[in-house]
Protein chains: 2
Amino acid sequence: MSEIPAPIFDDGFRAKLETLIRWRRDVRRFKPDPIAPAVLDDLLSLAALAPSVGLSQPWRFVMVDDPARRAAVRRNFEVSNAEALAECRQERKALYAKLKLAGLDEAPHHLALFADAEPSQGHGLGRLSMPETVAYSAVMAAHTLWLAARAFGVGVGWVSILDPSAMAATLQVPSSWRFIGYFCIGFPQVDDDTPELERHGWEHRRRDGTLALLQR
Amino acid sequence: MSEIPAPIFDDGFRAKLETLIRWRRDVRRFKPDPIAPAVLDDLLSLAALAPSVGLSQPWRFVMVDDPARRAAVRRNFEVSNAEALAECRQERKALYAKLKLAGLDEAPHHLALFADAEPSQGHGLGRLSMPETVAYSAVMAAHTLWLAARAFGVGVGWVSILDPSAMAATLQVPSSWRFIGYFCIGFPQVDDDTPELERHGWEHRRRDGTLALLQR
């Protein structure tokens, strides 16, 4: 057992945590101001405390600064987004085309996330029957970073409209790494408690988690 | 924009959030006491605020109370765990066999998580090139529940040593649902800031997230 006394979390903290969860957003509209390097380091250190299968910590982050690589990611997004628009149901195409789905041009920081599909750390524990738990661990690291960022006033936007196979080539990562997501990071132009897709009429949230609950 | 003023998160909250992240654990040793239904409802409602691709909220939770179904899950775990032990490197088998990898017998609440692979909500946005983002959304709902649970003093343990194809059959869920994970929930016997796998000598954490960071 730890030698440090266990922390107590009170009603005040729980209320603030709920506020954090409610006001985390997928941000696509950023101010140009950079984030302090110490804050980015803090966010990555907190991400490293995320749960991981077999304590494998398989997340692999890539900070993308090179303009040529950023341009390649932007082209990847444009091609993938044009394909998505083409697949969109006819009556939704006009609305889809108006949505802003990524802040790639404005966000001061670009962070790509991969998962090492065969990490030596963790000695394989917990993932034999479900190898996808390696990717899931990386997702929880990203989600930790995302929530923590909001507590620093920093916005994060997850870009998934990308061809994942091209991302590994663009960023020249080891062959065992699988692409998970691409994150735009910066200060948001506005704070909001309502998702942008909801405000622009694409979809609305179902708020009660018990609606998605079966009893067995 | 929201009509509610944006919240301010201060140093005190950030320090407490870091403590929450540090003291979240994968719990396998539970007290038998049940969790208040209102708290379980709160946790599921918070999970419903997680990020999801295209605002699709594809998480599907199943609360498992039926003793026959719990017994089937337990057999699934035993078989999968025996296979994992057989695959374990020789010099690690004895240590593996001694680890307690699930709290299935003690935890008062069992929660299975699936993702609807083809949710109508969200109208397909964001997942054409990366359909795995549906599963990733469900993972972030589980992770939201997990962190929030810790703030209520509630422990969560993710069981992944399971044959996922058998889980859908055992729990009789719709055919479009994909199994993500099985969660034991209850009050932990002990609170700790160090993962159980680390305390028992299986693996240790690398603490600095920037160790897993490339620059491109």
# chains A, B, ... in the order shown; residues from 1 in each chain; ligands from 1
call {"tool": "residues_around", "arguments": {"residues": "Ser137 in chain B", "least_positions_apart": "5", "cutoff": "9 Å", "atoms": "only C-alpha atoms", "output": "PyMOL selection string"}}
result
(chain A and resi 139) or (chain B and resi 50-53+56-59+115+132+142)
call {"tool": "write_last_selection", "arguments": {"atoms": "C-alpha atoms", "output": "CSV table (one decimal), in the first residue's frame"}}
result
chain,number,residue,atom,x,y,z
A,139,VAL,CA,-7.4,6.3,-26.5
B,50,ALA,CA,-17.9,11.6,-23.1
B,51,PRO,CA,-16.6,12.6,-26.6
B,52,SER,CA,-18.0,10.5,-29.4
B,53,VAL,CA,-17.4,10.4,-33.1
B,56,SER,CA,-23.0,9.3,-32.1
B,57,GLN,CA,-22.9,8.2,-28.4
B,58,PRO,CA,-22.4,4.6,-29.5
B,59,TRP,CA,-21.8,3.2,-26.1
B,115,ALA,CA,-20.3,-0.3,-29.0
B,132,GLU,CA,-12.8,2.0,-35.2
B,142,ALA,CA,-15.9,3.9,-19.9
call {"tool": "residues_around", "arguments": {"residues": "Met130 in chain A", "least_positions_apart": "4", "cutoff": "10 Å", "atoms": "only C-alpha atoms", "output": "MDAnalysis selection string"}}
result
(chainID A and resid 53 126 134) or (chainID B and resid 160:164 179:181)
call {"tool": "write_last_selection", "arguments": {"atoms": "N, CA and C atoms", "output": "PDB file, in the first residue's frame"}}
result
ATOM      1  N   VAL A  53      -3.566  -1.572 -20.745  1.00  0.00           N
ATOM      2  CA  VAL A  53      -3.685  -3.019 -20.593  1.00  0.00           C
ATOM      3  C   VAL A  53      -2.331  -3.600 -20.168  1.00  0.00           C
ATOM      4  N   GLY A 126      -3.109  -9.392 -20.502  1.00  0.00           N
ATOM      5  CA  GLY A 126      -4.439  -8.804 -20.668  1.00  0.00           C
ATOM      6  C   GLY A 126      -4.892  -8.605 -22.093  1.00  0.00           C
ATOM      7  N   VAL A 134      -4.846  -2.622 -26.755  1.00  0.00           N
ATOM      8  CA  VAL A 134      -3.674  -1.748 -26.895  1.00  0.00           C
ATOM      9  C   VAL A 134      -4.117  -0.389 -27.458  1.00  0.00           C
TER      10      VAL A 134
ATOM     11  N   SER B 160     -10.363  -7.687 -19.394  1.00  0.00           N
ATOM     12  CA  SER B 160     -10.213  -7.855 -20.846  1.00  0.00           C
ATOM     13  C   SER B 160      -9.810  -9.277 -21.202  1.00  0.00           C
ATOM     14  N   ILE B 161      -9.596 -10.117 -20.195  1.00  0.00           N
ATOM     15  CA  ILE B 161      -9.167 -11.497 -20.459  1.00  0.00           C
ATOM     16  C   ILE B 161     -10.432 -12.322 -20.679  1.00  0.00           C
ATOM     17  N   LEU B 162     -11.044 -12.092 -21.823  1.00  0.00           N
ATOM     18  CA  LEU B 162     -12.347 -12.672 -22.175  1.00  0.00           C
ATOM     19  C   LEU B 162     -12.384 -12.896 -23.681  1.00  0.00           C
ATOM     20  N   ASP B 163     -13.115 -13.918 -24.079  1.00  0.00           N
ATOM     21  CA  ASP B 163     -13.394 -14.125 -25.504  1.00  0.00           C
ATOM     22  C   ASP B 163     -14.554 -13.200 -25.877  1.00  0.00           C
ATOM     23  N   PRO B 164     -14.277 -12.143 -26.663  1.00  0.00           N
ATOM     24  CA  PRO B 164     -15.336 -11.150 -26.906  1.00  0.00           C
ATOM     25  C   PRO B 164     -16.533 -11.709 -27.669  1.00  0.00           C
ATOM     26  N   PHE B 179     -18.369  -6.149 -28.481  1.00  0.00           N
ATOM     27  CA  PHE B 179     -17.943  -6.131 -27.081  1.00  0.00           C
ATOM     28  C   PHE B 179     -16.682  -5.289 -26.908  1.00  0.00           C
ATOM     29  N   ILE B 180     -16.698  -4.399 -25.914  1.00  0.00           N
ATOM     30  CA  ILE B 180     -15.552  -3.537 -25.627  1.00  0.00           C
ATOM     31  C   ILE B 180     -14.839  -3.957 -24.338  1.00  0.00           C
ATOM     32  N   GLY B 181     -15.598  -4.167 -23.268  1.00  0.00           N
ATOM     33  CA  GLY B 181     -14.955  -4.523 -22.002  1.00  0.00           C
ATOM     34  C   GLY B 181     -15.981  -4.878 -20.946  1.00  0.00           C
TER      35      GLY B 181
END
call {"tool": "closest_atom_pairs", "arguments": {"of": "chain B", "to": "chain A", "cutoff": "6 Å", "atoms": "only C-alpha atoms", "output": "Markdown table"}}
result
| residue | atom | partner | partner_atom | distance |
| --- | --- | --- | --- | --- |
| B:Met1 | CA | A:Asp192 | CA | 5.9 |
| B:Ser2 | CA | A:Asp192 | CA | 5.4 |
| B:Phe9 | CA | A:Ala151 | CA | 5.5 |
| B:Leu44 | CA | A:Gly209 | CA | 4.8 |
| B:Ser45 | CA | A:Gly209 | CA | 4.3 |
| B:Ala48 | CA | A:Gly209 | CA | 4.9 |
| B:Arg60 | CA | A:Ala212 | CA | 5.2 |
| B:Phe61 | CA | A:Leu213 | CA | 4.8 |
| B:Val62 | CA | A:Leu214 | CA | 4.6 |
| B:Met63 | CA | A:Gln215 | CA | 5.0 |
| B:Val64 | CA | A:Arg216 | CA | 4.8 |
| B:Gly122 | CA | A:Glu203 | CA | 5.9 |
| B:Gly126 | CA | A:Ile161 | CA | 5.5 |
| B:Ser129 | CA | A:Asp163 | CA | 5.8 |
| B:Ala151 | CA | A:Phe9 | CA | 5.5 |
| B:Ser160 | CA | A:Gly126 | CA | 5.9 |
| B:Ile161 | CA | A:Gly126 | CA | 5.4 |
| B:Asp163 | CA | A:Ser129 | CA | 5.8 |
| B:Asp192 | CA | A:Ser2 | CA | 5.4 |
| B:Glu203 | CA | A:Gly122 | CA | 5.9 |
| B:Asp208 | CA | A:Ser45 | CA | 5.3 |
| B:Gly209 | CA | A:Ser45 | CA | 4.3 |
| B:Ala212 | CA | A:Arg60 | CA | 5.2 |
| B:Leu213 | CA | A:Phe61 | CA | 4.8 |
| B:Leu214 | CA | A:Val62 | CA | 4.6 |
| B:Gln215 | CA | A:Met63 | CA | 5.0 |
| B:Arg216 | CA | A:Val64 | CA | 4.8 |
call {"tool": "residues_around", "arguments": {"residues": "Phe30 in chain A", "least_positions_apart": "5", "cutoff": "9 Å", "atoms": "only C-alpha atoms", "output": "list in words"}}
result
Gly103, Glu106, Ala107, Pro108, Gly155, Cys184, Ile185, Gly186, Phe187, Pro188, Gln189 and Val190 of chain A
call {"tool": "select_by_dssp", "arguments": {"residues": "chain B", "states": "helix (DSSP H, G or I)", "output": "number ranges by chain"}}
result
B: 11-23, 37-47, 53-55, 67-87, 90-98, 133-151, 164-171, 196-199, 209-212
call {"tool": "select_by_dssp", "arguments": {"residues": "range 36-83 of chain A", "states": "strand (DSSP E or B)", "output": "PDB file with N, CA and C atoms, in the first residue's frame"}}
result
ATOM      1  N   TRP A  59       0.856   4.025 -25.706  1.00  0.00           N
ATOM      2  CA  TRP A  59       0.643   5.265 -26.449  1.00  0.00           C
ATOM      3  C   TRP A  59       1.981   5.811 -26.945  1.00  0.00           C
ATOM      4  N   ARG A  60       1.963   6.316 -28.177  1.00  0.00           N
ATOM      5  CA  ARG A  60       3.153   6.936 -28.774  1.00  0.00           C
ATOM      6  C   ARG A  60       2.698   8.244 -29.413  1.00  0.00           C
ATOM      7  N   PHE A  61       3.155   9.347 -28.865  1.00  0.00           N
ATOM      8  CA  PHE A  61       2.745  10.664 -29.346  1.00  0.00           C
ATOM      9  C   PHE A  61       3.792  11.216 -30.319  1.00  0.00           C
ATOM     10  N   VAL A  62       3.335  11.949 -31.297  1.00  0.00           N
ATOM     11  CA  VAL A  62       4.227  12.601 -32.261  1.00  0.00           C
ATOM     12  C   VAL A  62       3.786  14.059 -32.383  1.00  0.00           C
ATOM     13  N   MET A  63       4.651  14.973 -31.954  1.00  0.00           N
ATOM     14  CA  MET A  63       4.356  16.400 -32.105  1.00  0.00           C
ATOM     15  C   MET A  63       4.772  16.802 -33.525  1.00  0.00           C
TER      16      MET A  63
END
